[in-house]
Every structure is written in structure tokens, then in C-alpha cells.
Amino acid sequence: MSEEENAFHHHARYRGDYPIVVEGLTNRFGEITVHEDLDLKVQRGEILGVVGGSGTGKSVLMRSIIGLQTPNAGDVRVFDKSIIEAEPDEEIGVRDRWGVLFQGGALFSTLTVGENVEVPLKQFYPEISDELRHEIARYKVLLSGLPEEAVSKYPSELSGGMKKRAGLARALALDPELLFLDEPTAGLDPIGAAAFDRLTRELKETLGLTVFLITHDLDTLHEICDRVAVLADRKVIAVDTVPNLMDLDHPWIQEYFNGPRGRAALTAQALDELRKHMDLPIAEHAVKALDNASSSKDKA
Amino acid sequence: MTGLAEYELHEGEGGAVLALTGPYLVSSIGAVDEDLRSLEGDIAQVDLSGVSEIDTVGAWMACHIATRHNATITGASERAQRLLGALEGMDSEEQIAAPRLPVWSRVPEAMGEKVFNARTGVYGVLSFLGSLILATWSLLRNPRRFRMVALVRQAELVGVSALPIIGLMSFLIGIVIAQQGAVQLAQFGAETLTINLVGRITLRELGVLMTAIMVAGRSGSAFAAQLGTMKLTEEVDAMRTIGIAPMEALVIPRIMAAVLMMPLLGFYASCMAIIGGAVIGDVILGIPFWTFLSRIQEVVPTYDLWVGLIKAPVFGLIIGLAGCYHGLQVRGNSEEVGIRTTMAVVSAIFAVIVLDAFFAVFFTELGWG
């Protein structure tokens with residue numbers, strides 16, 4: 001391979017079925033075992049929601065996959081490359097193919113939003129001209145649904161929801177194939193959360209992303225997740241679509257999806273579906289009936 | 001797979017056709033970026049049919065060329081079309097870096113800002129001192145609210161844990177003064193005056209001054225950094241909402257610790273410096289160690305000790321005040337913590353040295369020369 005070819009060598013898009021494969025993962029912190037012999041496969045092109053009670057190790061699982069947490073046992077392969085065998089900061093050719101949105105956005109506070117987006121570009125592709133890099137940064141910020149003015153603002157000047165979007169813009173900087181989102185809608189108002197869900201879905205479809213999404217938000221699960229992985233008892237106890245999960249006979253799953261909040265999210269989802277067919281005469285009655293039913297339930 | 005992004009310009013129907021071939025990805029575009037931008041002449045079509053892979057960066061490039069040359073994009077794959085559609089209307093001229101003024105207005109503006117900041121800084125410290133006095137007053141009326149544990153903890157951090165470093169520093173300074181002094185005084189045959197030199201200068205000036213600089217560096221910076229971080233993580237706000245006054249819980253114990261520990265540390269530092277001098281006296285000048293120490297009693301007037309001990313708590317107050325004030329001024333981001341910590345240390349040391357000069361004149365006028 002000549003030197004020039006080497007300089008501009010690139011990765012072909014991943015064509016396999018499972019960009020993330022976790023096998024026999026065990027994580028211990030002192031006496032506490034968070035994961036034991038955990039298996040999980042993420043399919044290419046899906047949005048996989050990860051749910052579980054507090055302390056079941058959702059974030060630890062994500063940190064294990066992206067190589068920030070070395071597990072006690074097991075293997076994690078991303079794009080068929082083992083993350084575990086690599087040293088924490090060693091270059092193994094996957095870090096430029098994923099984007100991570102941390103819970104608080106984790107923006108570099110001394111850089112503007114635009115400069116934040118430029119950081120990964122500078123790190124991996126210094127050969128890109130300043131002009132193009134600025135252009136990329138600008139359209140990524142717009143693509144994440146932020147207004148134009150946000151580009152030159154500092155993170156401290158942004159609201160919580162805007163910080164998340166700015167974090168998303170940085171996660172998308174390198175056109176990743178894989179996107180990790182850690183509770184993207186936590187702390188957002190319902191309108192902002194719904195907008196963020198829509199954005200995630202749209203981006204996934206246009207950019208052809210695979211999304212690993214940790215969430216507590218039942219609406220997010222119903223709206224945008226193709227499949228949901230449930231973490232409990234130190235394992236992934238089930239991975240399936242939401243309707244299939246609701247049929248499972250596990251106390252935590254039942255409590256989660258069929259509890260009051262779970263039902264509310266489900267009703268909302270059903271109402272949305274029905275409203276799409278509002279012009280059908282029968283649907284209008286059904287919507288009213290459902291609306292009444294849910295409001296009387298709330299009163300009770 | 002490795003390949004290179006390439007392009008070719010050829011004549012086709014209705015004008016020039018720019019055919020892009022190979023992968024057009026963020027990882028491969030660097031090779032053709034500059035060339036594509038500097039293309040001159042009319043281009044009627046941008047042909048993407050030879051593009052093997054494309055991402056938003058490639059699509060952006062195609063879009064960019066098409067808009068600049070007023071060309072149409074042809075041969076786009078389904079994915080390319082989706083990406084082109086998503087990028088529509090994403091043009092922006094917004095600056096990436098925060099807006100910056102030209103040099104001729106930036107420098108005067110920065111200068112003016114410094115002057116204003118200095119003024120508000122002085123007001124700020126004075127009003128902080130005022131609220132400190134008020135808080136102390138209300139604490140004196142409700143002594144049960146006083147936080148003894150916090151005070152003891154801070155006294156340990158400021159005082160006890162500083163003993164080794166301050167002791168070593170003072171000991172070495174004593175050695176240097178005695179040794180250098182002896183060399184100079186020997187020219188007049190007055191080596192024995194070394195004892196006066198070491199005794200008076202350490203008790204009066206250097207013991208307390210060096211200790212103040214050390215405490216400002218050790219504890220003043222710690223106050224500022226800790227309070228600044230607490231401010232950033234909203235801990236200070238949380239305390240306020242629970243009804244705990246940060247002044248009482250955070251500031252008073254720290255400043256009191258600094259005020260109480262400074263005289264003790266200053267005296268300790270002077271003693272260590274005298275011991276250092278006595279060691280050198282014994283080794284170089286042939287004055288026995290114990291003789292050196294007992295001569296100190298005879299040649300150093302008691303008011304020299306008082307001069308040092310009166311200055312020390314004032315210096316402690318300044319250090320504590322600067323540290324806590326700057327810590328609580330932190331807002332925004334982590335960089336601010338660093339800036340404020342630096343300011344706390346620099347302003348504390350500066351104020352200590354200025355005040356020390358005033359004290360020197362003041363005590364001499366009192367007749368304590």
C-alpha cells in the first residue's frame with residue numbers, strides 16, 4: 001500500500017448482521033456483581049432500546065461496549081473487532097465509526113458548539129481543509145435541530161435540551177454507523193422529548209444508523225424502538241418488540257409495561273394511531289371513547 | 001476495502017460533466033477537497049453514478065459544487081438522494097468560533113474591561129467583607145449555629161498539615177540568611193551581628209511573610225477551587241434552599257481557620273528559621289548552638305515578636321477572604337475555576353506584600369523600630 005493510499009484509507013460500511021455482539025459479559029465492582037454472563041446482539045439498522053431498573057447496569061453495559069469499562073470476563077465485539085483485547089486508548093479502527101451522546105451532553109465547556117463538533121474531525125481527519133470542516137460543523141449542528149446561532153455559542157449559554165442536541169451533533173460529526181444514546185430524553189420537557197425521539201428516528205433512517213439507546217422513557221420505547229432489551233437479574237432477560245415483551249410473564253416486565261405509566265404511554269400511542277385515521281367516521285368515536293376512558297381512569 | 005475519491009471532468013450533452021468516482025466519505029474526501037473547491041469553468045452536471053459509497057460529507061460536497069456552478073446532480077443512488085434531501089436548507093454562514101473583534105478595538109476593550117473588573121473586584125471584596133462581618137455578628141448572637149467541626153477540620157488542613165513544608169522552608173531560609181549575612185558582616189568584622197540579623201528579620205518580617213505566601217499557595221487556592229467546584233455543581237445553591245447560609249457553613253470556618261492558624265504558623269516558621277541560623281552559626285561561625293539561641297533573647301526586642309504576631313492574623317484574613325470570595329464568584333464552566341483560583345492566590349499575595357510595607361512604616365512610626 002502506498003503512503004498516499006494509507007493516508008486516505010477508509011472503512012467500508014459494515015455489512016454484517018450484528019454490529020455489536022456482547023458475549024458472557026461479567027462486571028463486578030467489589031462485592032457487587034452488576035452483570036453476570038450477559039449476552040446481547042444488536043442488529044444492523046435497528047434502534048435497540050435498553051431498559052432496566054436503576055442500578056441494573058445499563059450505563060455500565062454501554063461503557064463496556066464503548067471500551068470505557070474493562071469487564072471482568074466476557075467479550076465485546078463491535079464491527080467484529082474485539083474491544084476487550086485492545087488497550088483503553090489504542091486505535092482499533094472503530095472509534096471513528098461510532099458516536100456517543102453522554103447523559104449530560106459532556107460537551108467541552110471551553111469550546112463553542114461548532115468547535116465541539118470539529119474536535120473529532122480534527123482528531124481523525126486533519127487533512128480536511130478548514131473551510132470544509134467549518135461547513136461540516138455547521139450543517140451537523142443544523143441537522144441536530146439546533147438554530148444557526150447555536151454554532152458560535154458556548155455550552156454554558158445553552159439550555160439542557162439544546163446541550164443534548166449539541167452533544168448529538170458532536171456524536172454525528174464523523175458520520176458514524178453506530179450511535180450510542182444514554183438517556184437522551186431524560187430531563188427534557190414532553191414536547192422536547194417527543195421532538196428528540198422524532199429526530200433520532202429521522203436520522204436513523206436517513207443516515208442508516210444503528211442506535212443503542214438507554215432510556216427510562218416509555219414513550220420513547222413505544223414510539224421509536226424497533227426492539228427493546230430488558231436488563232434484570234444481572235442479565236438481558238429478553239430482547240423483543242414492545243408488544244411481544246408485554247406478553248412475557250416476568251414480574252418486572254409486567255410492572256414496567258403494564259403499570260400506570262406503561263398503560264398511559266400505550267393509550268397515548270393508540271390514540272395517536274387512531275388520530276392518523278381521523279377521517280374514518282368510526283375512528284372518531286373510538287378516539288372519544290378512549291379519551292373519556294383514560295380521563296375517567298385518571299380521576300379515579 | 002480501500003479506494004480513493006477521484007473526479008473527472010469531461011464534455012457531455014449540454015455542457016461539462018463532473019463525474020465523481022470512488023468513496024465519498026468523511027475519511028476519503030480530504031484527498032479531493034481542495035481540488036474540487038478550486039474547479040473553474042462551467043459545469044452543467046455532477047454525476048454521482050460512479051460513487052461507491054457516500055455519507056453526509058460526500059453529499060455535502062456534491063451539493064456544494066452543484067450550487068456553486070449551478071449544476072444538476074445526476075446518477076445519485078437511493079442513499080445519496082436521501083442524504084441530499086436531508087442536507088437541503090442546511091446552509092449557514094454562522095462563525096464557528098465565538099465572535100472576535102479586530103485587534104485595534106479588542107485590546108482597548110480588554111484594557112477597559114480590566115479597569116472596570118478591578119473596580120468591581122474591589123467593591124466585591126469589600127461587600128464580601130461586609131457580609132462576612134454581618135454573618136459573624138449574627139453568629140455571635142446565635143453561637144449554637146457555629147460549626148466547630150468544620151473549623152477544626154479547616155484548621156487541620158490549613159495549619160497542621162502545612163507544618164512539614166513550612167518548617168522545612170523556614171529552616172532553609174534561616175540557613176541562607178545566616179550564611180549570606182555572615183559573609184557580608186565579616187567584611188566589618190561583625191560576624192556576631194549575624195545573630196541580630198537572623199533573629200530580628202525572621203520574627204519581624206520573613207517568618208510571617210513567607211508563611212503567608214505559602215498559606216496563600218496551599219490553602220487560599222484550595223478554598224477557591226473547592227468553593228468554585230461546589231458552585232458549579234450547584235451545591236452552594238442546594239445549601240441555600242435548605243436554609244444553610246454558605247457564609248456560615250463554608251466561608252466563616254475557612255476564614256477563621258486562616259486567621260487563627262497564621263500567627264501560630266508564623267511563629268513556628270520564625271522559630272524554625274532561627275534554628276536554621278543557629279545551625280549555620282555553629283558550623284561556619286563557630287558560635288555554639290545554645291549560645292546563639294540565648295543571644296537571640298538578648299538582642300531581639302520583644303516588640304519584634306509582636307510586630308510579627310499582629311500582622312499574621314491580618315494576612316490570614318486577606319488570604320481567606322480572597323480564596324472564598326473568588327471561589328464563590330465562579331460561574332459557567334470549569335475553566336473559570338482555574339482562573340478564579342489563580343486570581344485568589346495572586347491577589348492574596350499581592351495584598352499581603354502591599355500591607356506588609358504599610359505595617360513596616362506604621363510600626364517604625366510607633367517607635368517599634
# chains A, B, ... in the order shown; residues from 1 in each chain; ligands from 1
>>> interface_residues(of="chain B", to="chain A", cutoff="9 Å", atoms="only C-alpha atoms", output="PDB file with N, CA and C atoms, in the first residue's frame")
ATOM      1  N   MET B   1     -11.712  -2.654   2.531  1.00  0.00           N
ATOM      2  CA  MET B   1     -11.618  -2.053   1.200  1.00  0.00           C
ATOM      3  C   MET B   1     -10.995  -0.668   1.294  1.00  0.00           C
ATOM      4  N   THR B   2     -10.020  -0.421   0.437  1.00  0.00           N
ATOM      5  CA  THR B   2      -9.510   0.937   0.374  1.00  0.00           C
ATOM      6  C   THR B   2      -9.643   1.419  -1.050  1.00  0.00           C
ATOM      7  N   GLY B   3     -10.005   2.661  -1.205  1.00  0.00           N
ATOM      8  CA  GLY B   3     -10.119   3.248  -2.523  1.00  0.00           C
ATOM      9  C   GLY B   3      -9.939   4.729  -2.353  1.00  0.00           C
ATOM     10  N   LEU B   4      -9.817   5.425  -3.476  1.00  0.00           N
ATOM     11  CA  LEU B   4      -9.622   6.855  -3.373  1.00  0.00           C
ATOM     12  C   LEU B   4     -10.783   7.573  -4.027  1.00  0.00           C
ATOM     13  N   ALA B   5     -11.140   8.680  -3.417  1.00  0.00           N
ATOM     14  CA  ALA B   5     -12.129   9.522  -4.047  1.00  0.00           C
ATOM     15  C   ALA B   5     -11.457  10.202  -5.237  1.00  0.00           C
ATOM     16  N   PRO B  23     -15.168   6.198  -3.200  1.00  0.00           N
ATOM     17  CA  PRO B  23     -15.911   6.504  -1.984  1.00  0.00           C
ATOM     18  C   PRO B  23     -15.867   8.009  -1.680  1.00  0.00           C
ATOM     19  N   LEU B  25     -16.511   9.818   1.371  1.00  0.00           N
ATOM     20  CA  LEU B  25     -16.792   9.712   2.796  1.00  0.00           C
ATOM     21  C   LEU B  25     -15.939  10.726   3.547  1.00  0.00           C
ATOM     22  N   VAL B  26     -16.278  10.936   4.792  1.00  0.00           N
ATOM     23  CA  VAL B  26     -15.503  11.859   5.617  1.00  0.00           C
ATOM     24  C   VAL B  26     -14.045  11.420   5.662  1.00  0.00           C
ATOM     25  N   SER B  27     -13.827  10.082   5.563  1.00  0.00           N
ATOM     26  CA  SER B  27     -12.462   9.578   5.688  1.00  0.00           C
ATOM     27  C   SER B  27     -11.685   9.673   4.384  1.00  0.00           C
ATOM     28  N   SER B  28     -12.369   9.878   3.254  1.00  0.00           N
ATOM     29  CA  SER B  28     -11.630   9.849   1.996  1.00  0.00           C
ATOM     30  C   SER B  28     -11.655  11.197   1.280  1.00  0.00           C
ATOM     31  N   ILE B  29     -12.457  12.140   1.763  1.00  0.00           N
ATOM     32  CA  ILE B  29     -12.698  13.342   0.998  1.00  0.00           C
ATOM     33  C   ILE B  29     -11.524  14.308   1.044  1.00  0.00           C
ATOM     34  N   GLY B  30     -10.659  14.140   2.072  1.00  0.00           N
ATOM     35  CA  GLY B  30      -9.530  15.043   2.208  1.00  0.00           C
ATOM     36  C   GLY B  30      -8.662  15.096   0.962  1.00  0.00           C
ATOM     37  N   ALA B  31      -8.640  14.005   0.183  1.00  0.00           N
ATOM     38  CA  ALA B  31      -7.771  13.922  -0.989  1.00  0.00           C
ATOM     39  C   ALA B  31      -8.211  14.846  -2.111  1.00  0.00           C
ATOM     40  N   ASP B  33     -10.762  17.379  -1.688  1.00  0.00           N
ATOM     41  CA  ASP B  33     -11.448  18.551  -1.163  1.00  0.00           C
ATOM     42  C   ASP B  33     -10.991  19.856  -1.816  1.00  0.00           C
ATOM     43  N   GLU B  34      -9.671  20.124  -1.738  1.00  0.00           N
ATOM     44  CA  GLU B  34      -9.136  21.395  -2.239  1.00  0.00           C
ATOM     45  C   GLU B  34      -9.336  21.514  -3.751  1.00  0.00           C
ATOM     46  N   GLU B  53     -19.444   4.731  -2.346  1.00  0.00           N
ATOM     47  CA  GLU B  53     -20.061   4.907  -1.037  1.00  0.00           C
ATOM     48  C   GLU B  53     -20.173   6.388  -0.758  1.00  0.00           C
ATOM     49  N   ASP B  55     -21.461   9.454   2.328  1.00  0.00           N
ATOM     50  CA  ASP B  55     -22.067   9.835   3.601  1.00  0.00           C
ATOM     51  C   ASP B  55     -22.442  11.311   3.515  1.00  0.00           C
ATOM     52  N   THR B  56     -22.818  11.899   4.617  1.00  0.00           N
ATOM     53  CA  THR B  56     -23.311  13.281   4.540  1.00  0.00           C
ATOM     54  C   THR B  56     -22.226  14.233   4.052  1.00  0.00           C
ATOM     55  N   VAL B  57     -20.965  13.931   4.367  1.00  0.00           N
ATOM     56  CA  VAL B  57     -19.892  14.821   3.930  1.00  0.00           C
ATOM     57  C   VAL B  57     -19.759  14.798   2.408  1.00  0.00           C
ATOM     58  N   TRP B  60     -22.669  16.547   0.983  1.00  0.00           N
ATOM     59  CA  TRP B  60     -22.494  17.994   1.177  1.00  0.00           C
ATOM     60  C   TRP B  60     -21.606  18.563   0.077  1.00  0.00           C
ATOM     61  N   MET B  61     -20.522  17.821  -0.229  1.00  0.00           N
ATOM     62  CA  MET B  61     -19.588  18.269  -1.248  1.00  0.00           C
ATOM     63  C   MET B  61     -20.286  18.372  -2.601  1.00  0.00           C
ATOM     64  N   ARG B  79     -29.533   6.055  -1.516  1.00  0.00           N
ATOM     65  CA  ARG B  79     -28.967   6.581  -0.281  1.00  0.00           C
ATOM     66  C   ARG B  79     -28.490   8.021  -0.472  1.00  0.00           C
ATOM     67  N   ARG B  82     -31.351  10.377  -0.471  1.00  0.00           N
ATOM     68  CA  ARG B  82     -31.860  10.600   0.879  1.00  0.00           C
ATOM     69  C   ARG B  82     -30.986  11.624   1.611  1.00  0.00           C
ATOM     70  N   LEU B  83     -29.673  11.425   1.491  1.00  0.00           N
ATOM     71  CA  LEU B  83     -28.741  12.330   2.171  1.00  0.00           C
ATOM     72  C   LEU B  83     -28.847  13.739   1.601  1.00  0.00           C
ATOM     73  N   GLY B  85     -31.370  15.077   0.227  1.00  0.00           N
ATOM     74  CA  GLY B  85     -32.629  15.653   0.707  1.00  0.00           C
ATOM     75  C   GLY B  85     -32.492  16.169   2.127  1.00  0.00           C
ATOM     76  N   ALA B  86     -31.799  15.386   2.981  1.00  0.00           N
ATOM     77  CA  ALA B  86     -31.666  15.777   4.386  1.00  0.00           C
ATOM     78  C   ALA B  86     -30.825  17.038   4.541  1.00  0.00           C
ATOM     79  N   LEU B  87     -29.905  17.256   3.604  1.00  0.00           N
ATOM     80  CA  LEU B  87     -28.994  18.396   3.744  1.00  0.00           C
ATOM     81  C   LEU B  87     -29.567  19.672   3.148  1.00  0.00           C
ATOM     82  N   MET B  90     -29.519  23.411   4.735  1.00  0.00           N
ATOM     83  CA  MET B  90     -28.624  23.377   5.894  1.00  0.00           C
ATOM     84  C   MET B  90     -27.462  24.362   5.719  1.00  0.00           C
ATOM     85  N   ASP B  91     -27.567  25.257   4.734  1.00  0.00           N
ATOM     86  CA  ASP B  91     -26.511  26.247   4.536  1.00  0.00           C
ATOM     87  C   ASP B  91     -26.494  27.220   5.695  1.00  0.00           C
ATOM     88  N   SER B  92     -25.309  27.601   6.089  1.00  0.00           N
ATOM     89  CA  SER B  92     -25.206  28.549   7.188  1.00  0.00           C
ATOM     90  C   SER B  92     -23.893  29.310   7.070  1.00  0.00           C
ATOM     91  N   GLU B  93     -23.923  30.529   7.478  1.00  0.00           N
ATOM     92  CA  GLU B  93     -22.706  31.345   7.427  1.00  0.00           C
ATOM     93  C   GLU B  93     -22.188  31.632   8.825  1.00  0.00           C
ATOM     94  N   GLU B  94     -22.844  31.024   9.815  1.00  0.00           N
ATOM     95  CA  GLU B  94     -22.506  31.322  11.205  1.00  0.00           C
ATOM     96  C   GLU B  94     -21.039  30.985  11.490  1.00  0.00           C
ATOM     97  N   GLN B  95     -20.380  31.856  12.242  1.00  0.00           N
ATOM     98  CA  GLN B  95     -18.982  31.613  12.602  1.00  0.00           C
ATOM     99  C   GLN B  95     -18.886  30.469  13.596  1.00  0.00           C
ATOM    100  N   ILE B  96     -17.849  29.643  13.417  1.00  0.00           N
ATOM    101  CA  ILE B  96     -17.649  28.519  14.324  1.00  0.00           C
ATOM    102  C   ILE B  96     -17.122  29.016  15.661  1.00  0.00           C
ATOM    103  N   ALA B  97     -16.086  29.851  15.577  1.00  0.00           N
ATOM    104  CA  ALA B  97     -15.508  30.382  16.812  1.00  0.00           C
ATOM    105  C   ALA B  97     -16.417  31.491  17.331  1.00  0.00           C
ATOM    106  N   ALA B  98     -16.339  31.741  18.624  1.00  0.00           N
ATOM    107  CA  ALA B  98     -17.114  32.831  19.180  1.00  0.00           C
ATOM    108  C   ALA B  98     -16.660  34.125  18.507  1.00  0.00           C
ATOM    109  N   PRO B  99     -17.574  35.067  18.268  1.00  0.00           N
ATOM    110  CA  PRO B  99     -17.210  36.285  17.548  1.00  0.00           C
ATOM    111  C   PRO B  99     -16.046  37.018  18.212  1.00  0.00           C
ATOM    112  N   GLY B 332     -20.408  29.355  35.337  1.00  0.00           N
ATOM    113  CA  GLY B 332     -20.204  28.976  33.938  1.00  0.00           C
ATOM    114  C   GLY B 332     -19.499  27.644  33.792  1.00  0.00           C
ATOM    115  N   ASN B 333     -18.190  27.662  33.626  1.00  0.00           N
ATOM    116  CA  ASN B 333     -17.538  26.399  33.259  1.00  0.00           C
ATOM    117  C   ASN B 333     -16.296  26.130  34.089  1.00  0.00           C
ATOM    118  N   SER B 334     -15.694  24.970  33.814  1.00  0.00           N
ATOM    119  CA  SER B 334     -14.572  24.525  34.622  1.00  0.00           C
ATOM    120  C   SER B 334     -13.352  25.425  34.445  1.00  0.00           C
ATOM    121  N   GLU B 335     -13.233  26.091  33.313  1.00  0.00           N
ATOM    122  CA  GLU B 335     -12.093  26.968  33.098  1.00  0.00           C
ATOM    123  C   GLU B 335     -12.103  28.098  34.131  1.00  0.00           C
TER     124      GLU B 335
END
>>> residues_around(residues="Val78 of chain A", least_positions_apart="3", cutoff="9 Å", atoms="only C-alpha atoms", output="list in words")
Tyr18, Pro19, Ile20, Val21, Val22, Ile65, Ile66, Lys81, Ser82, Ile83 and Val94 of chain A
>>> select_by_dssp(residues="segment 30-252 of chain A", states="helix (DSSP H, G or I)", output="ChimeraX atom specification")
/A:58-65,113-124,130-143,148-152,155-157,160-171,190-207,218-224,242-246,251-252
>>> residues_around(residues="segment 209-213 of chain B", least_positions_apart="5", cutoff="7 Å", atoms="only C-alpha atoms", output="list of chain:residue names")
B:Ile166, B:Leu265, B:Gly266, B:Ala269, B:Phe315, B:Ile349
>>> select_by_dssp(residues="segment 34-254 of chain A", states="strand (DSSP E)", output="number ranges by chain")
A: 34-42, 47-52, 73-78, 81-82, 98-101, 178-182, 210-214, 227-232, 235-240
>>> residues_around(residues="Trp252 of chain A", least_positions_apart="4", cutoff="10 Å", atoms="only C-alpha atoms", output="NGL selection string")
:A and (52-53 or 230-232 or 256-259)
>>> residues_around(residues="Pro313 of chain B", least_positions_apart="5", cutoff="7 Å", atoms="only C-alpha atoms", output="list in words")
Val259, Leu260, Met262 and Pro263 of chain B
>>> atom_distance(atom1="atom CA of Trp137 of chain B", atom2="atom CA of Phe359 of chain B")
27.1 Å
>>> residues_around(residues="Asp75 of chain A", least_positions_apart="5", cutoff="12 Å", atoms="only C-alpha atoms", output="list of chain:residue names")
A:Ile20, A:Val21, A:Val22, A:Glu23, A:Gly24, A:Leu25, A:Thr26, A:Asn27, A:Asp37, A:Leu38, A:Asp39, A:Leu40, A:Lys41, A:Leu61, A:Ser64, A:Ile65, A:Gly67, A:Thr70, A:Asp80, A:Lys81, A:Ser82, A:Ile83, A:Ile84, A:Glu85, A:Ala86
>>> residues_around(residues="His222 of chain A", least_positions_apart="2", cutoff="8 Å", atoms="only C-alpha atoms", output="ChimeraX atom specification")
/A:218-220,224-225,242,265-266,269
>>> atom_distance(atom1="atom CA of Ala258 of chain B", atom2="atom CA of Ile319 of chain B")
7.3 Å
>>> closest_residue(among="A:Ile47, A:Val119, A:Ala171, A:Val236", to="Glu223 of chain A", atoms="only C-alpha atoms")
A:Ile47
>>> closest_residue(among="A:Gly30, A:Pro147, A:Pro190, A:Gly16", to="Gly45 of chain A", atoms="only C-alpha atoms")
A:Gly16
>>> closest_residue(among="A:Gln103, A:Leu168, A:Gln69, A:Lys122", to="Gly187 of chain A", atoms="only C-alpha atoms")
A:Gln103
>>> atom_distance(atom1="atom CA of Leu48 of chain A", atom2="atom CA of Val211 of chain A")
6.1 Å
>>> decode(residues="segment 245-256 of chain B", atoms="all heavy atoms", output="tab-separated table (two decimals), in the first residue's frame")
chain	number	residue	atom	x	y	z
B	245	ALA	N	-26.82	29.04	55.43
B	245	ALA	CA	-26.14	30.15	54.77
B	245	ALA	C	-24.72	29.71	54.42
B	245	ALA	O	-23.98	29.30	55.31
B	245	ALA	CB	-26.12	31.35	55.68
B	246	PRO	N	-24.35	29.78	53.14
B	246	PRO	CA	-22.99	29.38	52.75
B	246	PRO	C	-21.95	30.19	53.52
B	246	PRO	O	-20.86	29.70	53.81
B	246	PRO	CB	-22.93	29.69	51.26
B	246	PRO	CG	-24.33	29.78	50.81
B	246	PRO	CD	-25.15	30.19	51.98
B	247	MET	N	-22.29	31.45	53.83
B	247	MET	CA	-21.38	32.29	54.60
B	247	MET	C	-21.02	31.62	55.92
B	247	MET	O	-19.85	31.57	56.30
B	247	MET	CB	-22.10	33.61	54.86
B	247	MET	CG	-21.27	34.85	54.81
B	247	MET	SD	-20.14	34.87	53.45
B	247	MET	CE	-19.58	36.48	53.42
B	248	GLU	N	-22.03	31.08	56.61
B	248	GLU	CA	-21.79	30.46	57.92
B	248	GLU	C	-21.12	29.10	57.78
B	248	GLU	O	-20.21	28.77	58.53
B	248	GLU	CB	-23.12	30.27	58.66
B	248	GLU	CG	-23.55	31.49	59.41
B	248	GLU	CD	-24.90	31.27	60.06
B	248	GLU	OE1	-25.26	30.11	60.31
B	248	GLU	OE2	-25.59	32.28	60.30
B	249	ALA	N	-21.61	28.31	56.82
B	249	ALA	CA	-21.16	26.93	56.76
B	249	ALA	C	-19.83	26.78	56.05
B	249	ALA	O	-19.02	25.93	56.40
B	249	ALA	CB	-22.22	26.08	56.04
B	250	LEU	N	-19.60	27.61	55.04
B	250	LEU	CA	-18.40	27.42	54.22
B	250	LEU	C	-17.34	28.49	54.48
B	250	LEU	O	-16.16	28.19	54.64
B	250	LEU	CB	-18.76	27.45	52.73
B	250	LEU	CG	-19.74	26.39	52.26
B	250	LEU	CD1	-20.12	26.62	50.80
B	250	LEU	CD2	-19.13	25.01	52.41
B	251	VAL	N	-17.77	29.74	54.49
B	251	VAL	CA	-16.80	30.83	54.47
B	251	VAL	C	-16.20	31.07	55.86
B	251	VAL	O	-14.97	31.11	56.02
B	251	VAL	CB	-17.45	32.11	53.92
B	251	VAL	CG1	-16.49	33.27	54.01
B	251	VAL	CG2	-17.89	31.89	52.48
B	252	ILE	N	-17.07	31.21	56.88
B	252	ILE	CA	-16.54	31.56	58.20
B	252	ILE	C	-15.55	30.51	58.75
B	252	ILE	O	-14.48	30.89	59.22
B	252	ILE	CB	-17.70	31.84	59.18
B	252	ILE	CG1	-18.34	33.18	58.78
B	252	ILE	CG2	-17.22	31.88	60.62
B	252	ILE	CD1	-19.47	33.62	59.65
B	253	PRO	N	-15.87	29.22	58.67
B	253	PRO	CA	-14.86	28.26	59.18
B	253	PRO	C	-13.51	28.39	58.46
B	253	PRO	O	-12.46	28.30	59.10
B	253	PRO	CB	-15.50	26.90	58.88
B	253	PRO	CG	-16.94	27.16	58.77
B	253	PRO	CD	-17.10	28.54	58.24
B	254	ARG	N	-13.55	28.62	57.16
B	254	ARG	CA	-12.29	28.71	56.41
B	254	ARG	C	-11.50	29.96	56.80
B	254	ARG	O	-10.30	29.91	57.06
B	254	ARG	CB	-12.57	28.70	54.91
B	254	ARG	CG	-12.93	27.33	54.40
B	254	ARG	CD	-13.23	27.33	52.91
B	254	ARG	NE	-13.35	25.96	52.44
B	254	ARG	CZ	-14.39	25.19	52.68
B	254	ARG	NH1	-15.41	25.65	53.38
B	254	ARG	NH2	-14.43	23.95	52.23
B	255	ILE	N	-12.21	31.09	56.81
B	255	ILE	CA	-11.50	32.33	57.12
B	255	ILE	C	-11.01	32.30	58.57
B	255	ILE	O	-9.88	32.70	58.87
B	255	ILE	CB	-12.41	33.54	56.86
B	255	ILE	CG1	-12.64	33.66	55.34
B	255	ILE	CG2	-11.79	34.82	57.41
B	255	ILE	CD1	-13.43	34.85	54.90
B	256	MET	N	-11.84	31.79	59.48
B	256	MET	CA	-11.41	31.70	60.88
B	256	MET	C	-10.19	30.81	61.02
B	256	MET	O	-9.25	31.13	61.75
B	256	MET	CB	-12.54	31.15	61.75
B	256	MET	CG	-13.33	32.24	62.43
B	256	MET	SD	-14.47	31.52	63.60
B	256	MET	CE	-13.43	31.41	65.05
